[in-house]
file input_0.cif (mmCIF, C-alpha atoms)
data_input
#
loop_
_atom_site.label_atom_id
_atom_site.label_comp_id
_atom_site.auth_asym_id
_atom_site.auth_seq_id
_atom_site.Cartn_x
_atom_site.Cartn_y
_atom_site.Cartn_z
CA MET A 1 5.28 -68.64 -25.02
CA THR A 2 7.57 -66.16 -23.26
CA ARG A 3 9.50 -65.68 -26.51
CA ALA A 4 6.33 -64.75 -28.40
CA LEU A 5 5.32 -62.35 -25.64
CA ALA A 6 8.79 -60.76 -25.64
CA LEU A 7 8.66 -60.26 -29.43
CA LEU A 8 5.20 -58.73 -29.16
CA LEU A 9 6.38 -56.32 -26.48
CA LEU A 10 9.44 -55.34 -28.57
CA ALA A 11 7.34 -54.83 -31.70
CA ALA A 12 4.73 -52.62 -30.01
CA PRO A 13 6.86 -49.42 -30.01
CA LEU A 14 7.61 -49.90 -33.72
CA ALA A 15 3.94 -49.58 -34.59
CA ALA A 16 3.87 -46.09 -33.10
CA CYS A 17 7.15 -44.84 -34.58
CA GLY A 18 5.53 -43.46 -37.74
CA LEU A 19 7.55 -45.54 -40.17
CA ARG A 20 5.60 -46.80 -43.14
CA PRO A 21 6.56 -48.29 -46.48
CA LEU A 22 7.15 -45.75 -49.25
CA TYR A 23 5.43 -47.98 -51.79
CA GLY A 24 2.87 -49.32 -49.30
CA ALA A 25 0.31 -50.32 -51.94
CA GLY A 26 2.92 -51.46 -54.45
CA ALA A 27 2.46 -50.33 -58.05
CA THR A 28 -0.92 -48.79 -57.20
CA SER A 29 0.45 -46.44 -54.54
CA ALA A 30 0.21 -42.71 -55.14
CA THR A 31 4.01 -42.46 -55.11
CA ALA A 32 4.45 -45.14 -57.78
CA GLN A 33 1.72 -43.55 -59.92
CA SER A 34 3.38 -40.14 -59.65
CA LEU A 35 6.76 -41.59 -60.65
CA ARG A 36 5.16 -43.06 -63.77
CA GLU A 37 4.02 -39.56 -64.75
CA VAL A 38 7.61 -38.28 -65.01
CA MET A 39 9.06 -37.85 -68.50
CA VAL A 40 12.86 -37.85 -68.62
CA ALA A 41 14.24 -35.26 -71.03
CA PRO A 42 17.15 -36.28 -73.27
CA ILE A 43 20.60 -35.93 -71.66
CA ASP A 44 23.73 -35.14 -73.69
CA GLU A 45 26.63 -37.52 -74.37
CA ARG A 46 27.12 -41.23 -73.73
CA SER A 47 27.08 -40.85 -69.96
CA GLY A 48 23.80 -38.95 -70.29
CA TRP A 49 22.35 -41.70 -72.47
CA LEU A 50 23.26 -44.30 -69.84
CA LEU A 51 21.80 -42.20 -67.02
CA ARG A 52 18.59 -41.49 -68.94
CA ASN A 53 18.07 -45.20 -69.68
CA ALA A 54 18.63 -46.05 -66.02
CA LEU A 55 16.13 -43.38 -64.97
CA VAL A 56 13.48 -44.55 -67.45
CA ASP A 57 13.91 -48.14 -66.21
CA ARG A 58 13.50 -47.10 -62.58
CA LEU A 59 10.55 -44.81 -63.23
CA ALA A 60 8.49 -47.79 -64.46
CA GLY A 61 8.88 -46.87 -68.10
CA ALA A 62 8.53 -43.13 -67.38
CA GLY A 63 5.64 -41.15 -68.76
CA GLU A 64 5.39 -40.62 -72.46
CA ALA A 65 5.15 -37.03 -73.64
CA ALA A 66 1.36 -37.37 -74.07
CA ASP A 67 0.54 -38.54 -70.53
CA ALA A 68 3.39 -36.97 -68.54
CA ARG A 69 2.62 -34.52 -65.75
CA TYR A 70 6.23 -33.79 -64.94
CA ARG A 71 9.52 -33.45 -66.82
CA LEU A 72 12.86 -34.38 -65.32
CA ASP A 73 15.68 -32.21 -66.68
CA VAL A 74 19.17 -33.49 -65.92
CA VAL A 75 22.56 -31.90 -66.56
CA ILE A 76 25.56 -34.11 -65.85
CA ASP A 77 29.22 -33.61 -65.12
CA ASP A 78 31.37 -36.66 -65.88
CA ASP A 79 34.96 -36.20 -64.76
CA ILE A 80 38.01 -38.45 -64.60
CA THR A 81 40.90 -37.35 -62.37
CA LYS A 82 44.26 -39.12 -62.37
CA PHE A 83 46.27 -39.47 -59.17
CA GLY A 84 48.68 -41.84 -57.44
CA LEU A 85 51.79 -40.93 -59.40
CA ARG A 86 54.62 -43.41 -60.05
CA GLY A 87 58.30 -42.54 -60.26
CA ASP A 88 58.04 -41.93 -64.03
CA ALA A 89 55.19 -39.39 -63.44
CA GLY A 90 52.55 -41.84 -64.72
CA ALA A 91 49.29 -42.18 -62.82
CA THR A 92 48.36 -45.42 -61.07
CA ARG A 93 44.74 -44.57 -60.14
CA GLU A 94 41.82 -42.63 -61.50
CA ARG A 95 38.69 -41.33 -59.88
CA ARG A 96 35.61 -41.13 -62.05
CA ALA A 97 32.97 -38.79 -60.69
CA LEU A 98 29.47 -38.57 -62.10
CA ARG A 99 27.40 -35.64 -60.82
CA ALA A 100 23.88 -34.81 -61.93
CA ARG A 101 21.89 -31.66 -61.30
CA TYR A 102 18.25 -32.47 -61.81
CA GLN A 103 15.07 -30.47 -61.82
CA LEU A 104 11.52 -31.79 -61.66
CA VAL A 105 9.27 -29.43 -63.62
CA ASP A 106 5.48 -29.39 -63.47
CA LEU A 107 4.41 -29.36 -67.13
CA ALA A 108 1.09 -27.60 -66.39
CA THR A 109 2.61 -24.59 -64.64
CA GLY A 110 6.27 -24.66 -65.66
CA GLU A 111 7.18 -24.47 -61.98
CA THR A 112 10.35 -26.22 -60.77
CA LEU A 113 9.26 -28.51 -57.95
CA VAL A 114 12.59 -30.14 -57.11
CA ASP A 115 16.07 -28.77 -57.80
CA ALA A 116 18.85 -30.95 -56.41
CA THR A 117 22.06 -32.78 -57.19
CA ALA A 118 23.17 -36.38 -56.96
CA GLY A 119 26.58 -37.84 -57.50
CA PHE A 120 28.90 -40.74 -56.88
CA ASP A 121 32.58 -41.56 -57.41
CA ALA A 122 34.39 -44.72 -58.42
CA GLY A 123 38.08 -45.59 -58.13
CA ILE A 124 39.82 -47.18 -61.11
CA ASP A 125 43.23 -48.87 -61.25
CA ILE A 126 45.33 -47.91 -64.26
CA THR A 127 46.95 -51.05 -65.65
CA SER A 128 49.69 -51.55 -68.22
CA SER A 129 46.98 -52.45 -70.74
CA PRO A 130 45.22 -49.38 -72.16
CA TYR A 131 42.28 -51.58 -73.19
CA ALA A 132 41.78 -52.81 -69.62
CA THR A 133 41.87 -49.24 -68.31
CA VAL A 134 39.28 -48.04 -70.85
CA ALA A 135 37.09 -51.05 -70.06
CA ALA A 136 37.34 -50.25 -66.33
CA GLU A 137 36.41 -46.62 -67.02
CA GLN A 138 33.34 -47.69 -69.02
CA SER A 139 32.30 -50.22 -66.39
CA ALA A 140 32.63 -47.56 -63.70
CA LEU A 141 30.45 -45.19 -65.74
CA GLU A 142 27.74 -47.83 -66.09
CA ARG A 143 27.75 -48.51 -62.34
CA LEU A 144 27.78 -44.81 -61.50
CA SER A 145 24.84 -44.17 -63.84
CA MET A 146 22.79 -46.79 -62.02
CA GLU A 147 23.72 -45.40 -58.59
CA VAL A 148 22.89 -41.81 -59.57
CA ALA A 149 19.57 -42.95 -61.09
CA ASP A 150 18.71 -44.87 -57.91
CA ASP A 151 19.45 -41.78 -55.82
CA ILE A 152 17.38 -39.46 -58.04
CA VAL A 153 14.38 -41.79 -58.10
CA ALA A 154 14.51 -42.32 -54.34
CA ARG A 155 14.54 -38.57 -53.74
CA LEU A 156 11.67 -38.03 -56.19
CA ALA A 157 9.69 -40.79 -54.47
CA LEU A 158 10.24 -39.09 -51.11
CA TYR A 159 9.11 -35.78 -52.61
CA PHE A 160 5.91 -37.29 -54.03
CA ASP A 161 5.24 -39.13 -50.78
CA ARG A 162 5.74 -35.95 -48.77
CA ILE A 163 3.32 -33.87 -50.87
CA GLY A 164 0.81 -36.74 -51.11
CA THR A 165 0.17 -36.50 -54.85
CA PRO A 166 -2.88 -38.60 -55.77
#
call {"tool": "encode", "arguments": {"input": "input_0.cif", "output": "structure tokens"}}
result
Amino acid sequence: MTRALALLLLAAPLAACGLRPLYGAGATSATAQSLREVMVAPIDERSGWLLRNALVDRLAGAGEAADARYRLDVVIDDDITKFGLRGDAGATRERRALRARYQLVDLATGETLVDATAGFDAGIDITSSPYATVAAEQSALERLSMEVADDIVARLALYFDRIGTP
């Protein structure tokens, strides 16, 4: 009985803290509905293709051109930097960085609503096998694409929640 009372007393301040779930009503929430109205524009190169697919997956299929209210324009910078030099001047490590500048554009007005960047890095060991190194680079790109997409969608969800789009 005292345990239940203690938990109740500890939980009481949380109710007044103002925290609430971003997707409070699930798929029917205003935020989720707004995310479904975002069309993702094509992005150049293989890394762009991976990022676009990750974004479309996270935006619940993303709006088709006919029913989209917003367009997400993304420009990416995919860079691999070698470092960790050995005695023979060969590199032992690489850092793959994927940066994305994205803009959310209102299709009705042409106004840019959100203009921001997202990016992540991954470390890669360079092995004696060129195939293993290329495979590690590709795997890192796939992971980075998912992380950047997660970050972009989370920021868009916060934007839609903040403005209270119906």
call {"tool": "resolve_selection", "arguments": {"input": "input_0.cif", "expression": "the PyMOL selection byres ((chain A and resi 142) around 12)", "output": "MDAnalysis selection string"}}
result
chainID A and resid 46:54 78 96:98 120:122 135:141 143:149
call {"tool": "closest_atom_pairs", "arguments": {"input": "input_0.cif", "of": "stretch 65-105 of chain A", "to": "stretch 38-43 of chain A", "cutoff": "6 Å", "atoms": "all atoms listed in the file", "output": "CSV"}}
result
residue,atom,partner,partner_atom,distance
A:Ala68,CA,A:Val38,CA,5.7
A:Tyr70,CA,A:Val38,CA,4.7
A:Arg71,CA,A:Met39,CA,4.7
A:Leu72,CA,A:Val40,CA,4.8
A:Asp73,CA,A:Ala41,CA,5.5
call {"tool": "atom_distance", "arguments": {"input": "input_0.cif", "atom1": "atom CA of A:Glu45", "atom2": "atom CA of A:Ile76"}}
result
9.2 Å
call {"tool": "atom_distance", "arguments": {"input": "input_0.cif", "atom1": "atom CA of A:Arg155", "atom2": "atom CA of A:Val74"}}
result
14.0 Å
call {"tool": "resolve_selection", "arguments": {"input": "input_0.cif", "expression": "the PyMOL selection byres ((chain A and resi 124) around 6)", "output": "PDB file with C-alpha atoms, keeping the file's coordinate frame"}}
result
ATOM      1  CA  ARG A  93      44.740 -44.570 -60.140  1.00  0.00           C
ATOM      2  CA  GLU A  94      41.820 -42.630 -61.500  1.00  0.00           C
ATOM      3  CA  GLY A 123      38.080 -45.590 -58.130  1.00  0.00           C
ATOM      4  CA  ASP A 125      43.230 -48.870 -61.250  1.00  0.00           C
TER       5      ASP A 125
END
call {"tool": "atom_distance", "arguments": {"input": "input_0.cif", "atom1": "atom CA of A:Arg36", "atom2": "atom CA of A:Val75"}}
result
20.9 Å
call {"tool": "resolve_selection", "arguments": {"input": "input_0.cif", "expression": "the PyMOL selection byres ((chain A and resi 34) around 9)", "output": "PDB file with C-alpha atoms, keeping the file's coordinate frame"}}
result
ATOM      1  CA  SER A  29       0.450 -46.440 -54.540  1.00  0.00           C
ATOM      2  CA  ALA A  30       0.210 -42.710 -55.140  1.00  0.00           C
ATOM      3  CA  THR A  31       4.010 -42.460 -55.110  1.00  0.00           C
ATOM      4  CA  ALA A  32       4.450 -45.140 -57.780  1.00  0.00           C
ATOM      5  CA  GLN A  33       1.720 -43.550 -59.920  1.00  0.00           C
ATOM      6  CA  LEU A  35       6.760 -41.590 -60.650  1.00  0.00           C
ATOM      7  CA  ARG A  36       5.160 -43.060 -63.770  1.00  0.00           C
ATOM      8  CA  GLU A  37       4.020 -39.560 -64.750  1.00  0.00           C
ATOM      9  CA  VAL A  38       7.610 -38.280 -65.010  1.00  0.00           C
ATOM     10  CA  ARG A  69       2.620 -34.520 -65.750  1.00  0.00           C
ATOM     11  CA  TYR A  70       6.230 -33.790 -64.940  1.00  0.00           C
ATOM     12  CA  ALA A 157       9.690 -40.790 -54.470  1.00  0.00           C
ATOM     13  CA  PHE A 160       5.910 -37.290 -54.030  1.00  0.00           C
ATOM     14  CA  THR A 165       0.170 -36.500 -54.850  1.00  0.00           C
ATOM     15  CA  PRO A 166      -2.880 -38.600 -55.770  1.00  0.00           C
TER      16      PRO A 166
END
call {"tool": "closest_residue", "arguments": {"input": "input_0.cif", "among": "A:Asp44, A:Thr117, A:Lys82, A:Gly164", "to": "A:Arg101", "atoms": "all atoms listed in the file"}}
result
A:Thr117
call {"tool": "closest_residue", "arguments": {"input": "input_0.cif", "among": "A:Val153, A:Gly90, A:Asp161, A:Phe83", "to": "A:Ala116", "atoms": "only C-alpha atoms"}}
result
A:Val153
